[in-house]
$ cat input.txt   # compact mmCIF, N, CA and C atoms
# COMPACT_ATOMS: atom_id res chain seq x y z
N MET A 1 7.50 -17.35 -23.02
CA MET A 1 7.86 -15.95 -23.15
C MET A 1 6.67 -15.07 -22.76
N VAL A 2 5.47 -15.41 -23.24
CA VAL A 2 4.28 -14.63 -22.92
C VAL A 2 3.98 -14.71 -21.43
N LEU A 3 4.13 -15.90 -20.85
CA LEU A 3 3.91 -16.08 -19.42
C LEU A 3 4.91 -15.27 -18.60
N GLU A 4 6.15 -15.25 -19.07
CA GLU A 4 7.19 -14.48 -18.38
C GLU A 4 6.87 -12.98 -18.42
N ASN A 5 6.44 -12.48 -19.56
CA ASN A 5 6.06 -11.07 -19.68
C ASN A 5 4.86 -10.75 -18.79
N SER A 6 3.92 -11.67 -18.74
CA SER A 6 2.74 -11.48 -17.89
C SER A 6 3.13 -11.41 -16.42
N LYS A 7 4.06 -12.26 -16.02
CA LYS A 7 4.53 -12.25 -14.63
C LYS A 7 5.23 -10.94 -14.31
N ARG A 8 6.04 -10.45 -15.23
CA ARG A 8 6.72 -9.17 -15.03
C ARG A 8 5.70 -8.02 -14.90
N GLU A 9 4.67 -8.07 -15.74
CA GLU A 9 3.63 -7.05 -15.67
C GLU A 9 2.89 -7.12 -14.34
N ASP A 10 2.59 -8.35 -13.88
CA ASP A 10 1.93 -8.53 -12.59
C ASP A 10 2.81 -8.02 -11.45
N ASP A 11 4.10 -8.32 -11.52
CA ASP A 11 5.04 -7.84 -10.50
C ASP A 11 5.11 -6.32 -10.51
N ARG A 12 5.14 -5.73 -11.68
CA ARG A 12 5.20 -4.27 -11.80
C ARG A 12 3.92 -3.65 -11.24
N LEU A 13 2.79 -4.24 -11.57
CA LEU A 13 1.51 -3.74 -11.07
C LEU A 13 1.46 -3.83 -9.54
N GLN A 14 1.91 -4.95 -9.00
CA GLN A 14 1.92 -5.12 -7.55
C GLN A 14 2.85 -4.10 -6.89
N GLU A 15 3.98 -3.83 -7.52
CA GLU A 15 4.91 -2.83 -6.99
C GLU A 15 4.28 -1.44 -6.99
N VAL A 16 3.56 -1.10 -8.05
CA VAL A 16 2.89 0.19 -8.12
C VAL A 16 1.81 0.29 -7.04
N VAL A 17 1.05 -0.78 -6.83
CA VAL A 17 0.02 -0.78 -5.78
C VAL A 17 0.67 -0.59 -4.41
N THR A 18 1.76 -1.32 -4.16
CA THR A 18 2.47 -1.21 -2.89
C THR A 18 3.01 0.20 -2.69
N LEU A 19 3.65 0.75 -3.70
CA LEU A 19 4.21 2.10 -3.59
C LEU A 19 3.10 3.15 -3.44
N SER A 20 1.98 2.95 -4.09
CA SER A 20 0.85 3.88 -3.95
C SER A 20 0.35 3.88 -2.51
N MET A 21 0.27 2.70 -1.94
CA MET A 21 -0.20 2.61 -0.56
C MET A 21 0.82 3.24 0.40
N LEU A 22 2.09 2.95 0.18
CA LEU A 22 3.13 3.57 1.01
C LEU A 22 3.07 5.09 0.89
N PHE A 23 2.85 5.57 -0.33
CA PHE A 23 2.77 7.01 -0.56
C PHE A 23 1.55 7.60 0.16
N ASP A 24 0.43 6.87 0.15
CA ASP A 24 -0.76 7.35 0.86
C ASP A 24 -0.48 7.54 2.34
N PHE A 25 0.27 6.63 2.92
CA PHE A 25 0.55 6.68 4.36
C PHE A 25 1.69 7.63 4.72
N TYR A 26 2.72 7.66 3.90
CA TYR A 26 3.94 8.37 4.28
C TYR A 26 4.35 9.50 3.33
N GLY A 27 3.59 9.73 2.29
CA GLY A 27 3.96 10.71 1.28
C GLY A 27 4.18 12.11 1.83
N GLU A 28 3.43 12.48 2.85
CA GLU A 28 3.57 13.82 3.42
C GLU A 28 4.91 14.01 4.11
N LEU A 29 5.63 12.93 4.36
CA LEU A 29 6.95 13.04 4.99
C LEU A 29 8.04 13.36 3.98
N LEU A 30 7.71 13.29 2.70
CA LEU A 30 8.66 13.64 1.64
C LEU A 30 8.60 15.15 1.41
N GLY A 31 9.68 15.71 0.93
CA GLY A 31 9.68 17.13 0.56
C GLY A 31 8.70 17.36 -0.59
N ASP A 32 8.23 18.59 -0.73
CA ASP A 32 7.23 18.91 -1.75
C ASP A 32 7.69 18.54 -3.16
N HIS A 33 8.94 18.87 -3.48
CA HIS A 33 9.47 18.58 -4.82
C HIS A 33 9.50 17.07 -5.08
N LYS A 34 10.04 16.34 -4.14
CA LYS A 34 10.12 14.88 -4.28
C LYS A 34 8.72 14.26 -4.30
N LYS A 35 7.86 14.79 -3.46
CA LYS A 35 6.48 14.27 -3.39
C LYS A 35 5.79 14.43 -4.73
N GLN A 36 5.97 15.58 -5.39
CA GLN A 36 5.32 15.82 -6.68
C GLN A 36 5.86 14.87 -7.75
N ILE A 37 7.16 14.71 -7.78
CA ILE A 37 7.78 13.82 -8.78
C ILE A 37 7.31 12.38 -8.56
N PHE A 38 7.34 11.94 -7.33
CA PHE A 38 6.92 10.56 -7.03
C PHE A 38 5.44 10.37 -7.36
N SER A 39 4.63 11.34 -7.02
CA SER A 39 3.21 11.28 -7.32
C SER A 39 2.96 11.21 -8.83
N ASP A 40 3.66 12.04 -9.57
CA ASP A 40 3.50 12.01 -11.02
C ASP A 40 3.88 10.65 -11.60
N TYR A 41 4.93 10.06 -11.08
CA TYR A 41 5.40 8.78 -11.61
C TYR A 41 4.49 7.62 -11.21
N ILE A 42 4.17 7.54 -9.93
CA ILE A 42 3.41 6.38 -9.43
C ILE A 42 1.90 6.56 -9.62
N LEU A 43 1.37 7.68 -9.21
CA LEU A 43 -0.08 7.85 -9.23
C LEU A 43 -0.61 8.32 -10.59
N ASN A 44 0.15 9.20 -11.25
CA ASN A 44 -0.32 9.75 -12.52
C ASN A 44 0.23 9.01 -13.73
N ASP A 45 1.13 8.06 -13.49
CA ASP A 45 1.70 7.20 -14.54
C ASP A 45 2.44 7.99 -15.62
N TYR A 46 3.10 9.08 -15.21
CA TYR A 46 3.92 9.83 -16.15
C TYR A 46 5.23 9.08 -16.37
N SER A 47 5.80 9.23 -17.54
CA SER A 47 7.09 8.61 -17.81
C SER A 47 8.21 9.48 -17.21
N LEU A 48 9.38 8.89 -17.11
CA LEU A 48 10.53 9.65 -16.62
C LEU A 48 10.78 10.87 -17.50
N SER A 49 10.64 10.68 -18.80
CA SER A 49 10.86 11.79 -19.74
C SER A 49 9.85 12.91 -19.55
N GLU A 50 8.59 12.56 -19.34
CA GLU A 50 7.57 13.58 -19.13
C GLU A 50 7.85 14.38 -17.87
N ILE A 51 8.22 13.69 -16.81
CA ILE A 51 8.53 14.38 -15.56
C ILE A 51 9.77 15.25 -15.72
N ALA A 52 10.77 14.71 -16.40
CA ALA A 52 12.00 15.47 -16.64
C ALA A 52 11.69 16.75 -17.40
N ASP A 53 10.87 16.67 -18.43
CA ASP A 53 10.48 17.85 -19.20
C ASP A 53 9.75 18.87 -18.33
N ASP A 54 8.85 18.39 -17.47
CA ASP A 54 8.06 19.28 -16.61
C ASP A 54 8.90 19.96 -15.54
N THR A 55 9.91 19.26 -15.05
CA THR A 55 10.68 19.77 -13.90
C THR A 55 12.00 20.41 -14.29
N GLY A 56 12.44 20.16 -15.51
CA GLY A 56 13.74 20.69 -15.93
C GLY A 56 14.90 19.84 -15.45
N LEU A 57 14.61 18.68 -14.91
CA LEU A 57 15.65 17.75 -14.48
C LEU A 57 15.99 16.80 -15.62
N SER A 58 17.10 16.11 -15.48
CA SER A 58 17.42 15.06 -16.44
C SER A 58 16.57 13.83 -16.12
N ARG A 59 16.45 12.98 -17.10
CA ARG A 59 15.72 11.72 -16.90
C ARG A 59 16.37 10.92 -15.78
N GLN A 60 17.69 10.91 -15.75
CA GLN A 60 18.43 10.20 -14.70
C GLN A 60 18.18 10.82 -13.33
N GLY A 61 18.09 12.15 -13.30
CA GLY A 61 17.81 12.84 -12.04
C GLY A 61 16.44 12.45 -11.49
N VAL A 62 15.46 12.38 -12.37
CA VAL A 62 14.11 11.96 -11.97
C VAL A 62 14.14 10.53 -11.46
N HIS A 63 14.83 9.67 -12.20
CA HIS A 63 14.95 8.26 -11.80
C HIS A 63 15.57 8.15 -10.40
N ASP A 64 16.62 8.92 -10.14
CA ASP A 64 17.29 8.89 -8.83
C ASP A 64 16.35 9.34 -7.71
N ILE A 65 15.58 10.38 -7.97
CA ILE A 65 14.63 10.87 -6.96
C ILE A 65 13.58 9.80 -6.65
N ILE A 66 13.08 9.16 -7.69
CA ILE A 66 12.07 8.12 -7.49
C ILE A 66 12.66 6.95 -6.70
N LYS A 67 13.89 6.57 -7.01
CA LYS A 67 14.55 5.49 -6.26
C LYS A 67 14.73 5.87 -4.80
N ARG A 68 15.17 7.10 -4.54
CA ARG A 68 15.37 7.55 -3.15
C ARG A 68 14.04 7.61 -2.40
N CYS A 69 13.01 8.10 -3.06
CA CYS A 69 11.69 8.16 -2.42
C CYS A 69 11.17 6.76 -2.11
N THR A 70 11.33 5.86 -3.05
CA THR A 70 10.91 4.47 -2.84
C THR A 70 11.61 3.89 -1.63
N LYS A 71 12.93 4.08 -1.57
CA LYS A 71 13.70 3.57 -0.44
C LYS A 71 13.23 4.19 0.87
N LYS A 72 12.99 5.49 0.87
CA LYS A 72 12.57 6.20 2.08
C LYS A 72 11.20 5.71 2.54
N LEU A 73 10.25 5.56 1.62
CA LEU A 73 8.92 5.11 1.98
C LEU A 73 8.96 3.69 2.56
N LYS A 74 9.79 2.84 1.98
CA LYS A 74 9.93 1.48 2.51
C LYS A 74 10.58 1.48 3.89
N GLU A 75 11.52 2.38 4.11
CA GLU A 75 12.14 2.50 5.43
C GLU A 75 11.12 2.95 6.47
N TYR A 76 10.26 3.91 6.11
CA TYR A 76 9.21 4.35 7.03
C TYR A 76 8.32 3.18 7.41
N GLU A 77 7.95 2.37 6.43
CA GLU A 77 7.08 1.22 6.71
C GLU A 77 7.79 0.20 7.59
N GLU A 78 9.08 -0.04 7.34
CA GLU A 78 9.82 -0.98 8.18
C GLU A 78 9.81 -0.55 9.64
N LYS A 79 9.88 0.75 9.87
CA LYS A 79 9.94 1.27 11.25
C LYS A 79 8.55 1.42 11.87
N LEU A 80 7.59 1.91 11.11
CA LEU A 80 6.29 2.25 11.69
C LEU A 80 5.21 1.19 11.48
N ARG A 81 5.31 0.42 10.41
CA ARG A 81 4.38 -0.67 10.13
C ARG A 81 2.91 -0.23 10.03
N LEU A 82 2.67 0.98 9.57
CA LEU A 82 1.30 1.47 9.48
C LEU A 82 0.49 0.76 8.40
N VAL A 83 1.11 0.49 7.27
CA VAL A 83 0.41 -0.21 6.19
C VAL A 83 0.10 -1.64 6.62
N GLU A 84 1.05 -2.27 7.25
CA GLU A 84 0.85 -3.64 7.74
C GLU A 84 -0.32 -3.68 8.74
N LYS A 85 -0.35 -2.73 9.66
CA LYS A 85 -1.43 -2.67 10.66
C LYS A 85 -2.76 -2.38 9.99
N PHE A 86 -2.76 -1.49 9.01
CA PHE A 86 -3.98 -1.17 8.28
C PHE A 86 -4.52 -2.42 7.58
N ASN A 87 -3.65 -3.14 6.88
CA ASN A 87 -4.09 -4.34 6.16
C ASN A 87 -4.60 -5.42 7.12
N SER A 88 -3.94 -5.57 8.25
CA SER A 88 -4.38 -6.53 9.25
C SER A 88 -5.76 -6.16 9.79
N THR A 89 -5.94 -4.90 10.11
CA THR A 89 -7.23 -4.44 10.62
C THR A 89 -8.32 -4.62 9.58
N LYS A 90 -8.00 -4.30 8.35
CA LYS A 90 -8.97 -4.45 7.26
C LYS A 90 -9.40 -5.92 7.11
N GLN A 91 -8.44 -6.82 7.20
CA GLN A 91 -8.73 -8.25 7.10
C GLN A 91 -9.64 -8.69 8.26
N LYS A 92 -9.34 -8.23 9.45
CA LYS A 92 -10.15 -8.61 10.62
C LYS A 92 -11.56 -8.05 10.53
N VAL A 93 -11.69 -6.82 10.06
CA VAL A 93 -13.03 -6.22 9.89
C VAL A 93 -13.82 -7.01 8.86
N ASN A 94 -13.17 -7.43 7.79
CA ASN A 94 -13.86 -8.26 6.78
C ASN A 94 -14.30 -9.59 7.37
N GLN A 95 -13.48 -10.18 8.23
CA GLN A 95 -13.86 -11.42 8.90
C GLN A 95 -15.07 -11.19 9.80
N ILE A 96 -15.04 -10.09 10.54
CA ILE A 96 -16.17 -9.77 11.42
C ILE A 96 -17.44 -9.62 10.60
N LYS A 97 -17.33 -8.94 9.48
CA LYS A 97 -18.50 -8.74 8.62
C LYS A 97 -19.03 -10.07 8.09
N ARG A 98 -18.12 -10.92 7.63
CA ARG A 98 -18.53 -12.23 7.10
C ARG A 98 -19.20 -13.07 8.19
N ILE A 99 -18.58 -13.12 9.36
CA ILE A 99 -19.13 -13.91 10.46
C ILE A 99 -20.47 -13.34 10.91
N SER A 100 -20.58 -12.02 10.95
CA SER A 100 -21.85 -11.39 11.33
C SER A 100 -22.97 -11.78 10.37
N GLU A 101 -22.64 -11.82 9.08
CA GLU A 101 -23.63 -12.25 8.09
C GLU A 101 -24.04 -13.70 8.33
N GLU A 102 -23.06 -14.56 8.65
CA GLU A 102 -23.37 -15.95 8.96
C GLU A 102 -24.27 -16.06 10.18
N ILE A 103 -23.97 -15.27 11.20
CA ILE A 103 -24.79 -15.29 12.42
C ILE A 103 -26.21 -14.86 12.11
N LYS A 104 -26.37 -13.83 11.29
CA LYS A 104 -27.71 -13.36 10.90
C LYS A 104 -28.49 -14.47 10.19
N GLN A 105 -27.81 -15.16 9.29
CA GLN A 105 -28.48 -16.17 8.49
C GLN A 105 -28.79 -17.42 9.29
N THR A 106 -27.86 -17.84 10.12
CA THR A 106 -28.02 -19.13 10.82
C THR A 106 -28.56 -18.98 12.24
N LYS A 107 -28.51 -17.76 12.77
CA LYS A 107 -28.91 -17.50 14.16
C LYS A 107 -28.04 -18.27 15.15
N ASP A 108 -26.86 -18.67 14.69
CA ASP A 108 -25.91 -19.43 15.52
C ASP A 108 -25.02 -18.43 16.26
N LEU A 109 -25.32 -18.21 17.52
CA LEU A 109 -24.59 -17.24 18.32
C LEU A 109 -23.25 -17.76 18.84
N SER A 110 -22.94 -19.00 18.56
CA SER A 110 -21.68 -19.56 19.05
C SER A 110 -20.47 -18.87 18.41
N LYS A 111 -20.67 -18.24 17.27
CA LYS A 111 -19.57 -17.57 16.58
C LYS A 111 -19.32 -16.17 17.11
N ILE A 112 -20.14 -15.73 18.03
CA ILE A 112 -19.98 -14.39 18.57
C ILE A 112 -18.65 -14.25 19.30
N ASN A 113 -18.14 -15.34 19.85
CA ASN A 113 -16.84 -15.32 20.52
C ASN A 113 -15.71 -14.97 19.55
N ILE A 114 -15.84 -15.44 18.34
CA ILE A 114 -14.83 -15.13 17.32
C ILE A 114 -14.87 -13.64 17.01
N VAL A 115 -16.06 -13.10 16.88
CA VAL A 115 -16.21 -11.66 16.62
C VAL A 115 -15.62 -10.86 17.77
N GLU A 116 -15.89 -11.27 18.96
CA GLU A 116 -15.33 -10.57 20.13
C GLU A 116 -13.81 -10.62 20.13
N GLN A 117 -13.25 -11.78 19.81
CA GLN A 117 -11.79 -11.91 19.79
C GLN A 117 -11.17 -11.04 18.71
N LEU A 118 -11.76 -11.04 17.54
CA LEU A 118 -11.27 -10.18 16.44
C LEU A 118 -11.38 -8.72 16.83
N SER A 119 -12.45 -8.34 17.47
CA SER A 119 -12.62 -6.95 17.92
C SER A 119 -11.56 -6.59 18.94
N ASP A 120 -11.28 -7.48 19.86
CA ASP A 120 -10.22 -7.25 20.86
C ASP A 120 -8.87 -7.10 20.19
N ASP A 121 -8.61 -7.94 19.19
CA ASP A 121 -7.35 -7.88 18.45
C ASP A 121 -7.19 -6.51 17.78
N ILE A 122 -8.26 -6.03 17.18
CA ILE A 122 -8.21 -4.72 16.53
C ILE A 122 -7.92 -3.62 17.55
N LEU A 123 -8.63 -3.65 18.65
CA LEU A 123 -8.43 -2.64 19.67
C LEU A 123 -7.02 -2.68 20.25
N ASN A 124 -6.47 -3.86 20.40
CA ASN A 124 -5.09 -3.99 20.91
C ASN A 124 -4.06 -3.48 19.91
N ASP A 125 -4.38 -3.59 18.63
CA ASP A 125 -3.46 -3.13 17.59
C ASP A 125 -3.43 -1.61 17.47
N LEU A 126 -4.48 -0.96 17.94
CA LEU A 126 -4.56 0.49 17.80
C LEU A 126 -3.69 1.22 18.78
$ encode --input "input.txt" --output "structure tokens"
Amino acid sequence: MVLENSKREDDRLQEVVTLSMLFDFYGELLGDHKKQIFSDYILNDYSLSEIADDTGLSRQGVHDIIKRCTKKLKEYEEKLRLVEKFNSTKQKVNQIKRISEEIKQTKDLSKINIVEQLSDDILNDL
């Protein structure tokens, strides 16, 4: 039971991180009212009741807006893939950094080809 609750909490946390990132990339595409409600819920960790009290909407109305915003943000990512590209680029830059540190320490220039390939991959993704 404790393990199951922990998994649910981990899943919820991962969902919040994912939605926060989607909001960072695509939040400006939402209307101001929806953007504020979604921001309060995801970024500020307000409850549905708190948001409902602040906006004069029902709790169900707030829930519906959050669901629609979530769906819309995920649709934007499906079409544009900006978060996916960002994460891929970030991973490649971290690899370049790690390999560069190895090259500094070992003076083994044979790994420079890997750095060049990763750099080319990043440039092609842009």
$ axis_aligned_box --input "input.txt" --around "range 13-27 of chain A" --padding-each-side "4 Å" --output "lines of an AutoDock Vina configuration file"
center_x = 2.1
center_y = 3.5
center_z = -3.4
size_x = 13.7
size_y = 25.2
size_z = 24.3
$ atom_distance --input "input.txt" --atom1 "CA of Gly56 in chain A" --atom2 "atom C of Lys35 in chain A"
15.1 Å
$ closest_residue --input "input.txt" --among "A:Tyr26, A:Leu19, A:Arg8, A:Phe38" --to "Glu77 in chain A" --atoms "all atoms listed in the file"
A:Tyr26
$ select_by_dssp --input "input.txt" --residues "range 35-123 of chain A" --states "alpha helix (DSSP H)" --output "PyMOL selection string"
chain A and resi 35-42+48-55+59-80+82-106+112-123
$ residues_near_point --input "input.txt" --point "(6.0, -3.4, -4.6)" --cutoff "12 Å" --atoms "only C-alpha atoms" --output "list in words"
Arg8, Glu9, Asp10, Asp11, Arg12, Leu13, Gln14, Glu15, Val16, Val17, Thr18, Leu19, Ser20, Met21, Leu22, Phe23, Ile42, Thr70, Lys71, Leu73 and Lys74 of chain A
$ residues_around --input "input.txt" --residues "Asp40 in chain A" --least-positions-apart "4" --cutoff "12 Å" --atoms "only C-alpha atoms" --output "list in words"
Ser20, Phe23, His33, Lys34, Lys35, Gln36, Asn44, Asp45, Tyr46, Ser47, Leu48, Ser49, Glu50, Ile51, Ala52, Asp54, Thr55, Val62, Ile65 and Ile66 of chain A
$ closest_residue --input "input.txt" --among "A:Asp24, A:Lys85, A:Lys72, A:Ile96" --to "Glu116 in chain A" --atoms "only N, CA and C atoms"
A:Ile96
$ atom_distance --input "input.txt" --atom1 "CA of Asp64 in chain A" --atom2 "CA of Ser39 in chain A"
14.4 Å
$ decode --input "input.txt" --residues "range 77-88 of chain A" --atoms "all heavy atoms" --output "compact mmCIF listing (two decimals), in the first residue's frame"
# COMPACT_ATOMS: atom_id res chain seq x y z
N GLU A 77 2.64 20.17 -28.23
CA GLU A 77 3.89 19.41 -28.21
C GLU A 77 3.88 18.30 -29.26
O GLU A 77 4.89 18.05 -29.90
CB GLU A 77 4.16 18.84 -26.81
CG GLU A 77 5.40 17.96 -26.72
CD GLU A 77 6.71 18.64 -27.11
OE1 GLU A 77 6.76 19.89 -27.20
OE2 GLU A 77 7.69 17.92 -27.33
N GLU A 78 2.74 17.63 -29.43
CA GLU A 78 2.65 16.60 -30.46
C GLU A 78 2.96 17.16 -31.84
O GLU A 78 3.59 16.49 -32.65
CB GLU A 78 1.25 15.97 -30.47
CG GLU A 78 0.98 15.02 -29.34
CD GLU A 78 -0.46 14.51 -29.34
OE1 GLU A 78 -1.11 14.53 -30.41
OE2 GLU A 78 -0.93 14.10 -28.26
N LYS A 79 2.52 18.37 -32.09
CA LYS A 79 2.71 18.98 -33.41
C LYS A 79 4.08 19.63 -33.56
O LYS A 79 4.71 19.51 -34.62
CB LYS A 79 1.62 20.02 -33.68
CG LYS A 79 0.27 19.39 -33.86
CD LYS A 79 -0.82 20.42 -34.06
CE LYS A 79 -2.16 19.70 -34.19
NZ LYS A 79 -3.27 20.57 -33.99
N LEU A 80 4.54 20.33 -32.54
CA LEU A 80 5.75 21.14 -32.68
C LEU A 80 7.01 20.47 -32.13
O LEU A 80 8.12 20.79 -32.56
CB LEU A 80 5.55 22.49 -31.99
CG LEU A 80 4.40 23.32 -32.56
CD1 LEU A 80 4.16 24.56 -31.70
CD2 LEU A 80 4.67 23.71 -34.00
N ARG A 81 6.86 19.60 -31.14
CA ARG A 81 7.98 18.85 -30.56
C ARG A 81 9.10 19.73 -30.00
O ARG A 81 10.27 19.34 -30.03
CB ARG A 81 8.56 17.88 -31.59
CG ARG A 81 7.61 16.88 -32.14
CD ARG A 81 7.64 15.66 -31.28
NE ARG A 81 6.80 14.60 -31.84
CZ ARG A 81 5.98 13.91 -31.10
NH1 ARG A 81 5.92 14.11 -29.82
NH2 ARG A 81 5.24 12.97 -31.64
N LEU A 82 8.77 20.91 -29.50
CA LEU A 82 9.80 21.81 -28.99
C LEU A 82 10.43 21.29 -27.70
O LEU A 82 11.64 21.40 -27.51
CB LEU A 82 9.22 23.20 -28.75
CG LEU A 82 8.73 23.95 -29.99
CD1 LEU A 82 8.13 25.29 -29.60
CD2 LEU A 82 9.84 24.12 -31.00
N VAL A 83 9.63 20.72 -26.82
CA VAL A 83 10.16 20.18 -25.56
C VAL A 83 11.05 18.98 -25.86
O VAL A 83 12.14 18.86 -25.29
CB VAL A 83 9.02 19.80 -24.59
CG1 VAL A 83 9.57 19.12 -23.35
CG2 VAL A 83 8.22 21.04 -24.20
N GLU A 84 10.61 18.14 -26.76
CA GLU A 84 11.41 16.97 -27.15
C GLU A 84 12.76 17.41 -27.72
O GLU A 84 13.81 16.87 -27.35
CB GLU A 84 10.65 16.15 -28.18
CG GLU A 84 11.38 14.92 -28.67
CD GLU A 84 10.58 14.20 -29.75
OE1 GLU A 84 9.39 13.92 -29.53
OE2 GLU A 84 11.18 13.93 -30.81
N LYS A 85 12.74 18.41 -28.60
CA LYS A 85 13.99 18.92 -29.19
C LYS A 85 14.88 19.55 -28.13
O LYS A 85 16.09 19.37 -28.15
CB LYS A 85 13.67 19.92 -30.30
CG LYS A 85 13.07 19.28 -31.53
CD LYS A 85 12.64 20.33 -32.54
CE LYS A 85 11.89 19.69 -33.69
NZ LYS A 85 11.35 20.69 -34.63
N PHE A 86 14.27 20.29 -27.22
CA PHE A 86 15.03 20.91 -26.14
C PHE A 86 15.72 19.85 -25.29
O PHE A 86 16.92 19.96 -25.00
CB PHE A 86 14.10 21.76 -25.26
CG PHE A 86 14.75 22.26 -24.01
CD1 PHE A 86 15.58 23.38 -24.04
CD2 PHE A 86 14.55 21.62 -22.79
CE1 PHE A 86 16.19 23.84 -22.88
CE2 PHE A 86 15.15 22.08 -21.64
CZ PHE A 86 15.97 23.19 -21.68
N ASN A 87 14.98 18.81 -24.90
CA ASN A 87 15.56 17.76 -24.07
C ASN A 87 16.67 17.01 -24.80
O ASN A 87 17.69 16.66 -24.21
CB ASN A 87 14.48 16.79 -23.60
CG ASN A 87 13.63 17.38 -22.50
OD1 ASN A 87 14.08 18.22 -21.73
ND2 ASN A 87 12.38 16.97 -22.44
N SER A 88 16.48 16.77 -26.08
CA SER A 88 17.50 16.10 -26.88
C SER A 88 18.77 16.95 -26.96
O SER A 88 19.88 16.45 -26.78
CB SER A 88 16.96 15.82 -28.29
OG SER A 88 17.96 15.30 -29.12
